[in-house]
>>> print(open('model-v8.pdb').read())   # PDB, C-alpha atoms
ATOM      1  CA  MET R   1     -85.708 -33.600  54.394
ATOM      2  CA  VAL R   2     -84.281 -33.218  50.905
ATOM      3  CA  SER R   3     -82.216 -30.111  50.196
ATOM      4  CA  GLN R   4     -83.399 -27.827  47.412
ATOM      5  CA  ASP R   5     -80.367 -28.348  45.157
ATOM      6  CA  ILE R   6     -80.727 -32.138  45.356
ATOM      7  CA  LYS R   7     -84.468 -31.984  44.671
ATOM      8  CA  HIS R   8     -83.841 -29.741  41.665
ATOM      9  CA  LEU R   9     -81.099 -32.059  40.355
ATOM     10  CA  PHE R  10     -83.353 -35.110  40.481
ATOM     11  CA  ASP R  11     -86.445 -33.300  39.168
ATOM     12  CA  GLU R  12     -84.414 -32.289  36.115
ATOM     13  CA  TYR R  13     -82.769 -35.723  35.855
ATOM     14  CA  ALA R  14     -86.174 -37.434  35.989
ATOM     15  CA  ALA R  15     -87.550 -35.114  33.298
ATOM     16  CA  ALA R  16     -84.633 -35.929  30.972
ATOM     17  CA  TYR R  17     -84.883 -39.648  31.774
ATOM     18  CA  ASN R  18     -88.625 -39.617  31.151
ATOM     19  CA  ARG R  19     -88.016 -38.050  27.713
ATOM     20  CA  LEU R  20     -85.225 -40.587  27.050
ATOM     21  CA  ASP R  21     -83.074 -37.541  26.301
ATOM     22  CA  ALA R  22     -79.666 -39.215  26.208
ATOM     23  CA  ALA R  23     -77.861 -36.001  25.242
ATOM     24  CA  ALA R  24     -79.067 -34.250  28.427
ATOM     25  CA  ILE R  25     -77.994 -36.941  30.900
ATOM     26  CA  PRO R  26     -74.181 -36.440  30.949
ATOM     27  CA  ALA R  27     -74.664 -32.928  32.392
ATOM     28  CA  PHE R  28     -75.931 -34.527  35.614
ATOM     29  CA  TYR R  29     -72.693 -36.473  36.110
ATOM     30  CA  ALA R  30     -69.201 -35.478  37.217
ATOM     31  CA  GLU R  31     -66.174 -35.801  34.939
ATOM     32  CA  TRP R  32     -65.781 -39.395  36.171
ATOM     33  CA  ALA R  33     -68.615 -41.579  37.402
ATOM     34  CA  MET R  34     -69.068 -45.080  38.763
ATOM     35  CA  ALA R  35     -71.985 -47.445  38.346
ATOM     36  CA  ALA R  36     -72.777 -50.569  40.333
ATOM     37  CA  ALA R  37     -75.483 -53.211  40.231
ATOM     38  CA  PRO R  38     -75.749 -56.726  41.672
ATOM     39  CA  ASN R  39     -73.752 -58.140  38.731
ATOM     40  CA  PHE R  40     -71.712 -55.155  37.574
ATOM     41  CA  VAL R  41     -69.297 -52.464  38.719
ATOM     42  CA  GLY R  42     -67.800 -49.938  36.317
ATOM     43  CA  CYS R  43     -66.236 -46.534  36.019
ATOM     44  CA  THR R  44     -66.251 -44.210  33.026
ATOM     45  CA  GLN R  45     -65.186 -40.762  32.037
ATOM     46  CA  ASN R  46     -67.985 -38.360  31.138
ATOM     47  CA  ASN R  47     -67.255 -38.234  27.411
ATOM     48  CA  GLU R  48     -68.448 -39.797  24.149
ATOM     49  CA  ALA R  49     -68.232 -43.288  25.682
ATOM     50  CA  LEU R  50     -70.688 -42.350  28.440
ATOM     51  CA  LEU R  51     -73.069 -40.787  25.938
ATOM     52  CA  ALA R  52     -72.855 -43.903  23.744
ATOM     53  CA  ALA R  53     -73.671 -46.128  26.739
ATOM     54  CA  ILE R  54     -76.652 -43.947  27.650
ATOM     55  CA  GLU R  55     -77.897 -43.984  24.054
ATOM     56  CA  GLN R  56     -77.602 -47.783  23.998
ATOM     57  CA  ALA R  57     -79.528 -48.089  27.273
ATOM     58  CA  TYR R  58     -82.263 -45.753  26.055
ATOM     59  CA  ALA R  59     -82.579 -47.654  22.763
ATOM     60  CA  PHE R  60     -83.087 -50.791  24.860
ATOM     61  CA  TYR R  61     -85.746 -49.081  27.020
ATOM     62  CA  GLN R  62     -87.559 -47.929  23.887
ATOM     63  CA  SER R  63     -87.376 -51.420  22.376
ATOM     64  CA  ILE R  64     -89.153 -52.918  25.395
ATOM     65  CA  GLY R  65     -91.840 -50.244  25.434
ATOM     66  CA  MET R  66     -90.908 -47.891  28.253
ATOM     67  CA  CYS R  67     -93.660 -45.279  28.554
ATOM     68  CA  SER R  68     -92.737 -43.221  31.601
ATOM     69  CA  ALA R  69     -90.553 -42.968  34.673
ATOM     70  CA  GLU R  70     -91.215 -41.003  37.813
ATOM     71  CA  ILE R  71     -89.737 -40.598  41.249
ATOM     72  CA  LEU R  72     -91.886 -42.179  43.959
ATOM     73  CA  ALA R  73     -89.553 -41.341  46.836
ATOM     74  CA  LEU R  74     -86.426 -39.250  47.263
ATOM     75  CA  ASP R  75     -84.405 -39.555  50.476
ATOM     76  CA  GLU R  76     -81.189 -37.679  51.185
ATOM     77  CA  THR R  77     -78.503 -38.414  53.742
ATOM     78  CA  THR R  78     -76.075 -35.510  53.961
ATOM     79  CA  LEU R  79     -72.565 -36.875  54.481
ATOM     80  CA  ASP R  80     -70.876 -33.463  54.753
ATOM     81  CA  GLU R  81     -71.120 -30.065  53.044
ATOM     82  CA  ARG R  82     -69.901 -31.548  49.740
ATOM     83  CA  TYR R  83     -71.517 -34.982  49.540
ATOM     84  CA  SER R  84     -74.961 -36.497  49.882
ATOM     85  CA  LEU R  85     -76.215 -40.033  49.469
ATOM     86  CA  VAL R  86     -79.583 -39.933  47.740
ATOM     87  CA  ARG R  87     -81.884 -42.956  47.488
ATOM     88  CA  VAL R  88     -84.453 -42.753  44.715
ATOM     89  CA  GLN R  89     -87.403 -45.085  44.300
ATOM     90  CA  TRP R  90     -88.266 -45.048  40.601
ATOM     91  CA  ALA R  91     -91.616 -46.148  39.143
ATOM     92  CA  THR R  92     -91.291 -47.077  35.484
ATOM     93  CA  LYS R  93     -94.228 -47.978  33.260
ATOM     94  CA  PHE R  94     -94.037 -50.075  30.121
ATOM     95  CA  GLN R  95     -96.572 -50.803  27.403
ATOM     96  CA  ARG R  96     -96.858 -54.434  28.565
ATOM     97  CA  THR R  97     -97.370 -53.524  32.220
ATOM     98  CA  GLY R  98     -99.978 -50.831  31.576
ATOM     99  CA  ASP R  99    -100.731 -48.820  34.706
ATOM    100  CA  GLU R 100     -98.708 -51.182  36.915
ATOM    101  CA  PRO R 101     -95.274 -49.620  37.403
ATOM    102  CA  ILE R 102     -92.111 -51.584  37.943
ATOM    103  CA  THR R 103     -90.177 -50.063  40.812
ATOM    104  CA  PHE R 104     -86.418 -49.844  41.172
ATOM    105  CA  ALA R 105     -84.355 -48.452  44.041
ATOM    106  CA  ILE R 106     -81.180 -46.633  43.049
ATOM    107  CA  SER R 107     -78.774 -44.828  45.367
ATOM    108  CA  TYR R 108     -76.708 -41.925  44.080
ATOM    109  CA  LEU R 109     -73.626 -40.340  45.609
ATOM    110  CA  VAL R 110     -73.858 -36.649  44.748
ATOM    111  CA  TRP R 111     -70.943 -34.203  44.890
ATOM    112  CA  ARG R 112     -71.664 -30.509  45.270
ATOM    113  CA  SER R 113     -69.118 -29.152  42.803
ATOM    114  CA  SER R 114     -68.509 -25.494  42.013
ATOM    115  CA  ASP R 115     -70.731 -26.064  38.945
ATOM    116  CA  GLY R 116     -73.580 -27.464  41.028
ATOM    117  CA  PRO R 117     -74.453 -30.950  42.232
ATOM    118  CA  ARG R 118     -73.149 -33.826  40.104
ATOM    119  CA  ILE R 119     -73.662 -37.580  40.381
ATOM    120  CA  ILE R 120     -70.402 -39.457  40.935
ATOM    121  CA  LEU R 121     -71.807 -42.928  41.705
ATOM    122  CA  PHE R 122     -75.046 -44.788  41.290
ATOM    123  CA  ILE R 123     -75.939 -48.164  42.744
ATOM    124  CA  SER R 124     -78.860 -50.108  41.321
ATOM    125  CA  HIS R 125     -80.116 -52.278  44.183
ATOM    126  CA  GLU R 126     -82.028 -54.761  42.028
ATOM    127  CA  ASP R 127     -80.934 -56.854  39.085
ATOM    128  CA  GLU R 128     -83.023 -54.792  36.673
ATOM    129  CA  LEU R 129     -82.799 -57.347  33.856
ATOM    130  CA  ALA R 130     -84.045 -60.111  36.184
ATOM    131  CA  VAL R 131     -86.971 -57.919  37.247
ATOM    132  CA  MET R 132     -87.765 -57.173  33.589
ATOM    133  CA  ARG R 133     -87.613 -60.904  32.758
ATOM    134  CA  ALA R 134     -89.950 -61.706  35.656
ATOM    135  CA  LYS R 135     -92.434 -59.123  34.340
ATOM    136  CA  GLY R 136     -92.251 -60.544  30.797
ATOM    137  CA  LEU R 137     -90.603 -57.484  29.280
ATOM    138  CA  ILE R 138     -87.608 -59.423  27.987
ATOM    139  CA  PRO R 139     -87.137 -63.136  27.299
ATOM    140  CA  GLY R 140     -85.797 -65.339  30.063
ATOM    141  CA  ASP R 141     -82.436 -67.053  29.853
ATOM    142  CA  GLY R 142     -82.448 -69.710  27.155
ATOM    143  CA  GLU R 143     -85.569 -68.392  25.424
TER     144      GLU R 143
END
>>> encode(input="model-v8.pdb", output="structure tokens")
Amino acid sequence: MVSQDIKHLFDEYAAAYNRLDAAAIPAFYAEWAMAAAPNFVGCTQNNEALLAAIEQAYAFYQSIGMCSAEILALDETTLDERYSLVRVQWATKFQRTGDEPITFAISYLVWRSSDGPRIILFISHEDELAVMRAKGLIPGDGE
């Protein structure tokens, strides 16, 4: 069962992500946030640097023809009254893949702050660039 505040957070997050609305995304994150992937771990303050990184990522998504992103599955594990671990299965469609979505699993650690739930960590479980290379969205190494 997913709590209402978590469902609302990710419904709104998905809507902003689907619009590639970089300016809206920082509001979903805490003052400091961490990101992790198979080949990367980082931490940033929620400021101009975070917005610049989001804008760069969205420019990349646009350049490879991202059409839409939707949540296929949303699972919440409540850790205590302040924290939840939320696993999201994303389905992202690109011009080159047509109706066949590429799926990515991302886990988010969400803090219930006095201002509402905020993401403090996300973990991308796949090497997204490798998946995109395998699907022909970006050139392979050495191409």
>>> residues_around(input="model-v8.pdb", residues="R:Gln95", least_positions_apart="5", cutoff="10 Å", atoms="only C-alpha atoms", output="PyMOL selection string")
chain R and resi 64-68+100+137
>>> residues_around(input="model-v8.pdb", residues="R:Ala73", least_positions_apart="5", cutoff="8 Å", atoms="all atoms listed in the file", output="MDAnalysis selection string")
chainID R and resid 87:90
>>> resolve_selection(input="model-v8.pdb", expression="the PyMOL selection byres ((chain R and resi 27) around 12)", output="PyMOL selection string")
chain R and resi 9+12-13+16+21-26+28-33+46-47+50-51+115-120
>>> closest_residue(input="model-v8.pdb", among="R:Asp5, R:Glu70, R:Asp80, R:Asp11", to="R:Ala105", atoms="all atoms listed in the file")
R:Glu70
>>> atom_distance(input="model-v8.pdb", atom1="atom CA of R:Pro38", atom2="atom CA of R:Met132")
14.5 Å
>>> closest_residue(input="model-v8.pdb", among="R:Leu79, R:Ile6, R:Ile106, R:Arg112", to="R:Ala91", atoms="all atoms listed in the file")
R:Ile106
>>> atom_distance(input="model-v8.pdb", atom1="atom CA of R:Ala36", atom2="atom CA of R:Ser124")
6.2 Å
>>> atom_distance(input="model-v8.pdb", atom1="atom CA of R:Ser114", atom2="atom CA of R:Tyr83")
12.5 Å
>>> closest_residue(input="model-v8.pdb", among="R:Gln56, R:Ser84, R:Thr77, R:Asn18", to="R:Leu109", atoms="only C-alpha atoms")
R:Ser84
>>> axis_aligned_box(input="model-v8.pdb", around="stretch 41-49 of chain R", padding_each_side="3 Å", output="lines of an AutoDock Vina configuration file")
center_x = -67.2
center_y = -45.3
center_z = 31.4
size_x = 10.1
size_y = 20.2
size_z = 20.6
>>> closest_residue(input="model-v8.pdb", among="R:Pro139, R:Phe122, R:Val131, R:Tyr58", to="R:Gly42", atoms="all atoms listed in the file")
R:Phe122
